[in-house]
Amino acid sequence: MRTTLADIAREAGVSTATVDRVLNGRDGVRERTRERVLSIAGRLGYIEETVPSTAKAVTPVALDVVLPGGGNTFINNLATQIAEAGAQRPDVRLRIHSIEGFDPDGLARKLDSFHGASEGVGLVGLDHPVVREAIRSLAERGVPVMTLVSDISHVPRLGYVGIDNRAAGRLAGHLLGRFLRTDSGKVALFAGSLSYRGHEEREMGFRHKIAEDYPGLTIVELREIRDDTERAYREATALIERHPDLAGIYNIGAGNRGIARALTESGLARSVVFIGHELTEFTRRFLISGVMDAVIDQNPRVEAREAIDRLARAARGETRPDGPAIRIQAIFKENIPES
């Protein structure tokens with residue numbers, strides 16, 4: 001099939017109008033965006049592919065990305081996208097590391113191992129004193145550090161690539177409140193771990209939105225499930241037993257499969273409003289079947305590309321390797337994008 005402007009726009013993370021401006025040589029597009037669109041258009045065969053001058057005869061920079069291991073489908077998708085983004089960059093030598101997701105000491109040791117061996121580090125990090133100290137140690141040695149998906153406070157990081165998690169939590173509160181057909185009711189929260197700042201921010205955003213616009217709703221419980229499907233199932237089953245009149249669930253992190261299973265087995269799959277995060281092969285099925293009502297999604301392809309690009313440019317001494325914010329998208333049964 002012939003490549004279209006929409007294909008290029010989707011791959012580049014921009015609008016079709018931006019692609020049209022680039023391909024027709026019109027003003028109003030940043031040079032970096034222009035180069036990215038032209039590169040993708042060439043790779044997809046829309047135009048003759050050219051090699052950017054910045055990629056010619058450049059010594060590759062050594063970049064390391066640390067991600068939490070386990071069964072989190074979104075993180076696994078992100079790892080795949082990071083690997084693919086790195087493979088497309090001849091100016092980058094990329095290494096991806098998987099560690100226990102809720103072990104700050106293990107994460108700190110991994111960061112310490114990069115001293116003298118890495119020129120840029122990206123991580124989905126726990127907001128913990130030992131992790132913050134390890135990041136400070138890298139920064140003191142001139143190694144730029146980029147946080148992904150979940151930010152870390154009070155550290156000399158290069159920047160953050162991810163969504164506004166507080167806004168995502170507020171969006172979840174808005175959706176759940178609008179889906180419920182009552183002015184009062186019980187709502188429960190699930191989180192991977194509030195040691196992830198992103199999960200904590202989503203919780204705060206959700207609580208504020210509920211308090212502002214849906215004061216009749218009562219948040220009865222918050223359970224940390226460490227992004228584990230079986231633990232999510234056990235906690236959700238016990239929650240339903242304690243609160244058979246439960247009206248809604250907001251899952252801040254992973255573990256949607258376990259919650260969906262508990263709702264289905266209890267016969268509440270279509271009566272409890274269920275809002276979660278990330279469009280995966282599993283949440284796609286839950287939306288179609290009606291077990292989930294909405295998914296708040298982010299684009300791992302854009303996050304991977306931005307993280308690698310900004311780290312590489314920082315490793316080469318660029319002082320302000322800024323990038324675009326990652327967009328939040330609410331997905332329902334009616335607007336599920338193609339795989």
# chains A, B, ... in the order shown; residues from 1 in each chain; ligands from 1

call {"tool": "residues_around", "arguments": {"residues": "A:Glu11", "least_positions_apart": "3", "cutoff": "9 Å", "atoms": "only C-alpha atoms", "output": "PDB file with N, CA, C and O atoms, in the first residue's frame"}}
result
ATOM      1  N   ALA A   6      -0.858  10.700   6.413  1.00  0.00           N
ATOM      2  CA  ALA A   6      -1.280  10.252   7.745  1.00  0.00           C
ATOM      3  C   ALA A   6      -0.284   9.245   8.319  1.00  0.00           C
ATOM      4  O   ALA A   6      -0.020   9.239   9.529  1.00  0.00           O
ATOM      5  N   ASP A   7       0.247   8.365   7.470  1.00  0.00           N
ATOM      6  CA  ASP A   7       1.244   7.392   7.937  1.00  0.00           C
ATOM      7  C   ASP A   7       2.482   8.111   8.470  1.00  0.00           C
ATOM      8  O   ASP A   7       3.016   7.762   9.527  1.00  0.00           O
ATOM      9  N   ILE A   8       2.945   9.107   7.718  1.00  0.00           N
ATOM     10  CA  ILE A   8       4.132   9.863   8.127  1.00  0.00           C
ATOM     11  C   ILE A   8       3.843  10.636   9.417  1.00  0.00           C
ATOM     12  O   ILE A   8       4.658  10.662  10.342  1.00  0.00           O
ATOM     13  N   VAL A  14       3.310  14.052  14.708  1.00  0.00           N
ATOM     14  CA  VAL A  14       2.882  15.410  14.378  1.00  0.00           C
ATOM     15  C   VAL A  14       1.570  15.338  13.609  1.00  0.00           C
ATOM     16  O   VAL A  14       1.067  14.250  13.306  1.00  0.00           O
ATOM     17  N   VAL A  37      10.552  14.667  10.072  1.00  0.00           N
ATOM     18  CA  VAL A  37       9.510  14.342   9.088  1.00  0.00           C
ATOM     19  C   VAL A  37      10.142  13.891   7.772  1.00  0.00           C
ATOM     20  O   VAL A  37       9.711  12.897   7.164  1.00  0.00           O
ATOM     21  N   ILE A  40      11.570  10.341   8.165  1.00  0.00           N
ATOM     22  CA  ILE A  40      10.528   9.308   8.188  1.00  0.00           C
ATOM     23  C   ILE A  40       9.890   9.158   6.815  1.00  0.00           C
ATOM     24  O   ILE A  40       9.613   8.039   6.357  1.00  0.00           O
ATOM     25  N   ARG A 301       5.862   5.108  21.273  1.00  0.00           N
ATOM     26  CA  ARG A 301       6.775   5.329  20.144  1.00  0.00           C
ATOM     27  C   ARG A 301       7.355   6.747  20.201  1.00  0.00           C
ATOM     28  O   ARG A 301       8.563   6.938  20.026  1.00  0.00           O
ATOM     29  N   VAL A 302       6.498   7.726  20.466  1.00  0.00           N
ATOM     30  CA  VAL A 302       6.966   9.110  20.547  1.00  0.00           C
ATOM     31  C   VAL A 302       7.869   9.283  21.765  1.00  0.00           C
ATOM     32  O   VAL A 302       8.906   9.958  21.700  1.00  0.00           O
TER      33      VAL A 302
END

call {"tool": "select_by_dssp", "arguments": {"residues": "stretch 58-209 of chain A", "states": "helix (DSSP H, G or I)", "output": "VMD selection string"}}
result
chain A and resid 73 to 87 104 to 112 129 to 140 165 to 179 197 to 209

call {"tool": "residues_around", "arguments": {"residues": "A:Pro144", "least_positions_apart": "6", "cutoff": "10 Å", "atoms": "only C-alpha atoms", "output": "PyMOL selection string"}}
result
chain A and resi 63+118-122+135+138+156-159+310-315+317

call {"tool": "select_by_dssp", "arguments": {"residues": "stretch 69-308 of chain A", "states": "strand (DSSP E)", "output": "compact mmCIF listing (two decimals) with N, CA and C atoms, in the first residue's frame"}}
result
# COMPACT_ATOMS: atom_id res chain seq x y z
N VAL A 92 24.10 6.40 17.80
CA VAL A 92 23.81 5.98 19.17
C VAL A 92 24.19 4.52 19.37
N ARG A 93 24.81 4.22 20.49
CA ARG A 93 25.03 2.83 20.93
C ARG A 93 24.19 2.64 22.19
N LEU A 94 23.07 1.93 22.03
CA LEU A 94 22.05 1.86 23.08
C LEU A 94 22.09 0.53 23.81
N ARG A 95 21.97 0.62 25.15
CA ARG A 95 21.84 -0.58 25.98
C ARG A 95 20.62 -0.42 26.87
N ILE A 96 19.76 -1.44 26.88
CA ILE A 96 18.54 -1.42 27.69
C ILE A 96 18.71 -2.40 28.84
N HIS A 97 18.39 -1.95 30.06
CA HIS A 97 18.55 -2.76 31.25
C HIS A 97 17.19 -2.94 31.92
N SER A 98 16.90 -4.15 32.35
CA SER A 98 15.64 -4.46 33.04
C SER A 98 15.97 -4.88 34.48
N ILE A 99 15.34 -4.20 35.43
CA ILE A 99 15.59 -4.53 36.83
C ILE A 99 14.26 -4.64 37.57
N GLY A 120 24.89 8.97 28.70
CA GLY A 120 23.53 9.47 28.91
C GLY A 120 22.67 8.34 29.44
N VAL A 121 21.82 8.64 30.42
CA VAL A 121 21.02 7.60 31.08
C VAL A 121 19.56 8.02 31.12
N GLY A 122 18.68 7.11 30.73
CA GLY A 122 17.25 7.30 30.86
C GLY A 122 16.69 6.26 31.81
N LEU A 123 15.68 6.60 32.59
CA LEU A 123 15.13 5.62 33.52
C LEU A 123 13.69 5.95 33.88
N VAL A 145 20.92 12.80 32.71
CA VAL A 145 19.94 11.79 33.12
C VAL A 145 18.56 12.28 32.73
N MET A 146 17.80 11.41 32.07
CA MET A 146 16.45 11.72 31.61
C MET A 146 15.46 10.78 32.30
N THR A 147 14.40 11.33 32.91
CA THR A 147 13.36 10.49 33.48
C THR A 147 12.28 10.23 32.43
N LEU A 148 11.74 9.02 32.45
CA LEU A 148 10.71 8.59 31.50
C LEU A 148 9.47 8.15 32.25
N GLY A 159 15.80 16.29 31.92
CA GLY A 159 14.40 16.59 31.62
C GLY A 159 13.55 15.37 31.86
N TYR A 160 12.28 15.50 31.51
CA TYR A 160 11.29 14.43 31.69
C TYR A 160 10.57 14.21 30.38
N VAL A 161 10.45 12.94 29.98
CA VAL A 161 9.69 12.58 28.78
C VAL A 161 8.50 11.73 29.23
N GLY A 185 -21.91 7.46 45.47
CA GLY A 185 -21.45 6.10 45.24
C GLY A 185 -20.04 5.89 45.72
N LYS A 186 -19.63 4.63 45.74
CA LYS A 186 -18.30 4.25 46.23
C LYS A 186 -17.35 4.05 45.05
N VAL A 187 -16.15 4.57 45.22
CA VAL A 187 -15.12 4.46 44.20
C VAL A 187 -13.84 3.94 44.85
N ALA A 188 -13.10 3.09 44.14
CA ALA A 188 -11.84 2.54 44.66
C ALA A 188 -10.72 2.83 43.69
N LEU A 189 -9.51 2.96 44.22
CA LEU A 189 -8.32 3.20 43.43
C LEU A 189 -7.34 2.04 43.57
N PHE A 190 -6.66 1.74 42.48
CA PHE A 190 -5.55 0.78 42.48
C PHE A 190 -4.33 1.50 41.93
N ALA A 191 -3.16 1.24 42.53
CA ALA A 191 -1.91 1.83 42.05
C ALA A 191 -0.83 0.78 42.07
N LEU A 217 -19.34 11.39 45.47
CA LEU A 217 -18.62 10.12 45.35
C LEU A 217 -17.63 9.97 46.51
N THR A 218 -17.54 8.78 47.03
CA THR A 218 -16.65 8.50 48.16
C THR A 218 -15.57 7.51 47.73
N ILE A 219 -14.31 7.91 47.89
CA ILE A 219 -13.19 6.99 47.61
C ILE A 219 -12.99 6.13 48.85
N VAL A 220 -13.36 4.86 48.73
CA VAL A 220 -13.39 3.98 49.92
C VAL A 220 -12.06 3.30 50.18
N GLU A 221 -11.26 3.04 49.11
CA GLU A 221 -10.00 2.34 49.32
C GLU A 221 -9.00 2.71 48.23
N LEU A 222 -7.73 2.61 48.59
CA LEU A 222 -6.61 2.69 47.65
C LEU A 222 -5.71 1.50 47.93
N ARG A 223 -5.53 0.64 46.93
CA ARG A 223 -4.71 -0.56 47.09
C ARG A 223 -3.50 -0.49 46.17
N GLU A 224 -2.32 -0.75 46.70
CA GLU A 224 -1.10 -0.82 45.89
C GLU A 224 -0.89 -2.27 45.47
N LEU A 246 -20.08 -1.30 45.09
CA LEU A 246 -19.05 -0.47 44.47
C LEU A 246 -19.54 0.08 43.14
N ALA A 247 -19.26 1.37 42.89
CA ALA A 247 -19.74 2.01 41.66
C ALA A 247 -18.65 2.19 40.62
N GLY A 248 -17.40 2.40 41.05
CA GLY A 248 -16.35 2.68 40.07
C GLY A 248 -14.97 2.29 40.54
N ILE A 249 -14.09 2.03 39.58
CA ILE A 249 -12.69 1.70 39.84
C ILE A 249 -11.81 2.52 38.90
N TYR A 250 -10.77 3.11 39.45
CA TYR A 250 -9.73 3.76 38.65
C TYR A 250 -8.42 3.05 38.95
N ASN A 251 -7.85 2.42 37.93
CA ASN A 251 -6.55 1.77 38.07
C ASN A 251 -5.47 2.70 37.54
N VAL A 273 -18.10 1.07 36.76
CA VAL A 273 -17.34 1.86 35.80
C VAL A 273 -15.85 1.62 36.06
N PHE A 274 -15.12 1.24 35.02
CA PHE A 274 -13.72 0.86 35.15
C PHE A 274 -12.88 1.70 34.19
N ILE A 275 -12.03 2.57 34.77
CA ILE A 275 -11.14 3.43 34.00
C ILE A 275 -9.70 3.00 34.27
N GLY A 276 -8.88 2.86 33.22
CA GLY A 276 -7.49 2.47 33.40
C GLY A 276 -6.57 3.21 32.45
N HIS A 277 -5.34 2.73 32.38
CA HIS A 277 -4.32 3.38 31.55
C HIS A 277 -3.74 2.42 30.53
N ALA A 294 -13.09 3.20 29.65
CA ALA A 294 -12.17 4.13 28.98
C ALA A 294 -10.75 3.81 29.38
N VAL A 295 -9.83 4.11 28.47
CA VAL A 295 -8.40 3.93 28.71
C VAL A 295 -7.72 5.26 28.40
N ILE A 296 -6.88 5.71 29.31
CA ILE A 296 -6.10 6.93 29.11
C ILE A 296 -4.74 6.52 28.58
N ASP A 297 -4.45 6.90 27.35
CA ASP A 297 -3.29 6.35 26.64
C ASP A 297 -2.22 7.40 26.39

call {"tool": "residues_around", "arguments": {"residues": "stretch 262-268 of chain A", "least_positions_apart": "6", "cutoff": "7 Å", "atoms": "only C-alpha atoms", "output": "PyMOL selection string"}}
result
chain A and resi 233+236-237

call {"tool": "write_last_selection", "arguments": {"atoms": "all heavy atoms", "output": "short mmCIF file (atom, residue, chain, number, x, y, z; two decimals), in the first residue's frame"}}
result
data_model
loop_
_atom_site.label_atom_id
_atom_site.label_comp_id
_atom_site.auth_asym_id
_atom_site.auth_seq_id
_atom_site.Cartn_x
_atom_site.Cartn_y
_atom_site.Cartn_z
N TYR A 233 -5.87 -9.18 40.96
CA TYR A 233 -7.07 -10.02 41.00
C TYR A 233 -7.50 -10.28 42.45
O TYR A 233 -8.69 -10.14 42.79
CB TYR A 233 -6.80 -11.34 40.29
CG TYR A 233 -7.85 -12.39 40.51
CD1 TYR A 233 -9.11 -12.26 39.95
CD2 TYR A 233 -7.59 -13.51 41.29
CE1 TYR A 233 -10.11 -13.21 40.15
CE2 TYR A 233 -8.56 -14.48 41.49
CZ TYR A 233 -9.82 -14.32 40.94
OH TYR A 233 -10.78 -15.28 41.15
N ALA A 236 -8.80 -7.01 44.06
CA ALA A 236 -10.08 -6.59 43.49
C ALA A 236 -11.21 -7.51 43.97
O ALA A 236 -12.31 -7.05 44.27
CB ALA A 236 -10.01 -6.58 41.97
N THR A 237 -10.92 -8.80 44.05
CA THR A 237 -11.93 -9.75 44.53
C THR A 237 -12.31 -9.44 45.97
O THR A 237 -13.50 -9.41 46.33
CB THR A 237 -11.39 -11.18 44.43
OG1 THR A 237 -11.11 -11.49 43.06
CG2 THR A 237 -12.40 -12.18 44.97
#

call {"tool": "atom_distance", "arguments": {"atom1": "atom CA of A:Leu5", "atom2": "atom CA of A:Ala87"}}
result
23.7 Å

call {"tool": "residues_around", "arguments": {"residues": "A:Ala79", "least_positions_apart": "6", "cutoff": "9 Å", "atoms": "only C-alpha atoms", "output": "short mmCIF file (atom, residue, chain, number, x, y, z; two decimals) with all heavy atoms, in the first residue's frame"}}
result
data_model
loop_
_atom_site.label_atom_id
_atom_site.label_comp_id
_atom_site.auth_asym_id
_atom_site.auth_seq_id
_atom_site.Cartn_x
_atom_site.Cartn_y
_atom_site.Cartn_z
N VAL A 65 19.41 2.84 29.13
CA VAL A 65 18.03 3.06 29.58
C VAL A 65 17.67 1.94 30.56
O VAL A 65 17.85 0.75 30.25
CB VAL A 65 17.04 3.07 28.39
CG1 VAL A 65 15.62 3.24 28.91
CG2 VAL A 65 17.39 4.19 27.43
N LEU A 67 14.70 0.17 32.74
CA LEU A 67 13.26 0.01 32.82
C LEU A 67 12.90 -1.05 33.86
O LEU A 67 13.67 -2.00 34.06
CB LEU A 67 12.69 -0.40 31.46
CG LEU A 67 12.94 0.55 30.29
CD1 LEU A 67 12.40 -0.07 29.01
CD2 LEU A 67 12.29 1.90 30.53
N ILE A 96 19.76 -1.44 26.88
CA ILE A 96 18.54 -1.42 27.69
C ILE A 96 18.71 -2.40 28.84
O ILE A 96 19.10 -3.55 28.64
CB ILE A 96 17.30 -1.78 26.85
CG1 ILE A 96 17.14 -0.78 25.70
CG2 ILE A 96 16.05 -1.78 27.72
CD1 ILE A 96 15.99 -1.11 24.76
N PRO A 300 4.01 5.35 23.35
CA PRO A 300 5.36 4.90 23.67
C PRO A 300 6.35 5.11 22.52
O PRO A 300 7.55 5.28 22.77
CB PRO A 300 5.18 3.41 23.99
CG PRO A 300 3.93 3.01 23.29
CD PRO A 300 3.05 4.22 23.32
N ALA A 304 9.78 7.04 23.23
CA ALA A 304 11.06 6.41 22.95
C ALA A 304 11.92 7.28 22.05
O ALA A 304 13.11 7.50 22.32
CB ALA A 304 10.83 5.03 22.32
#
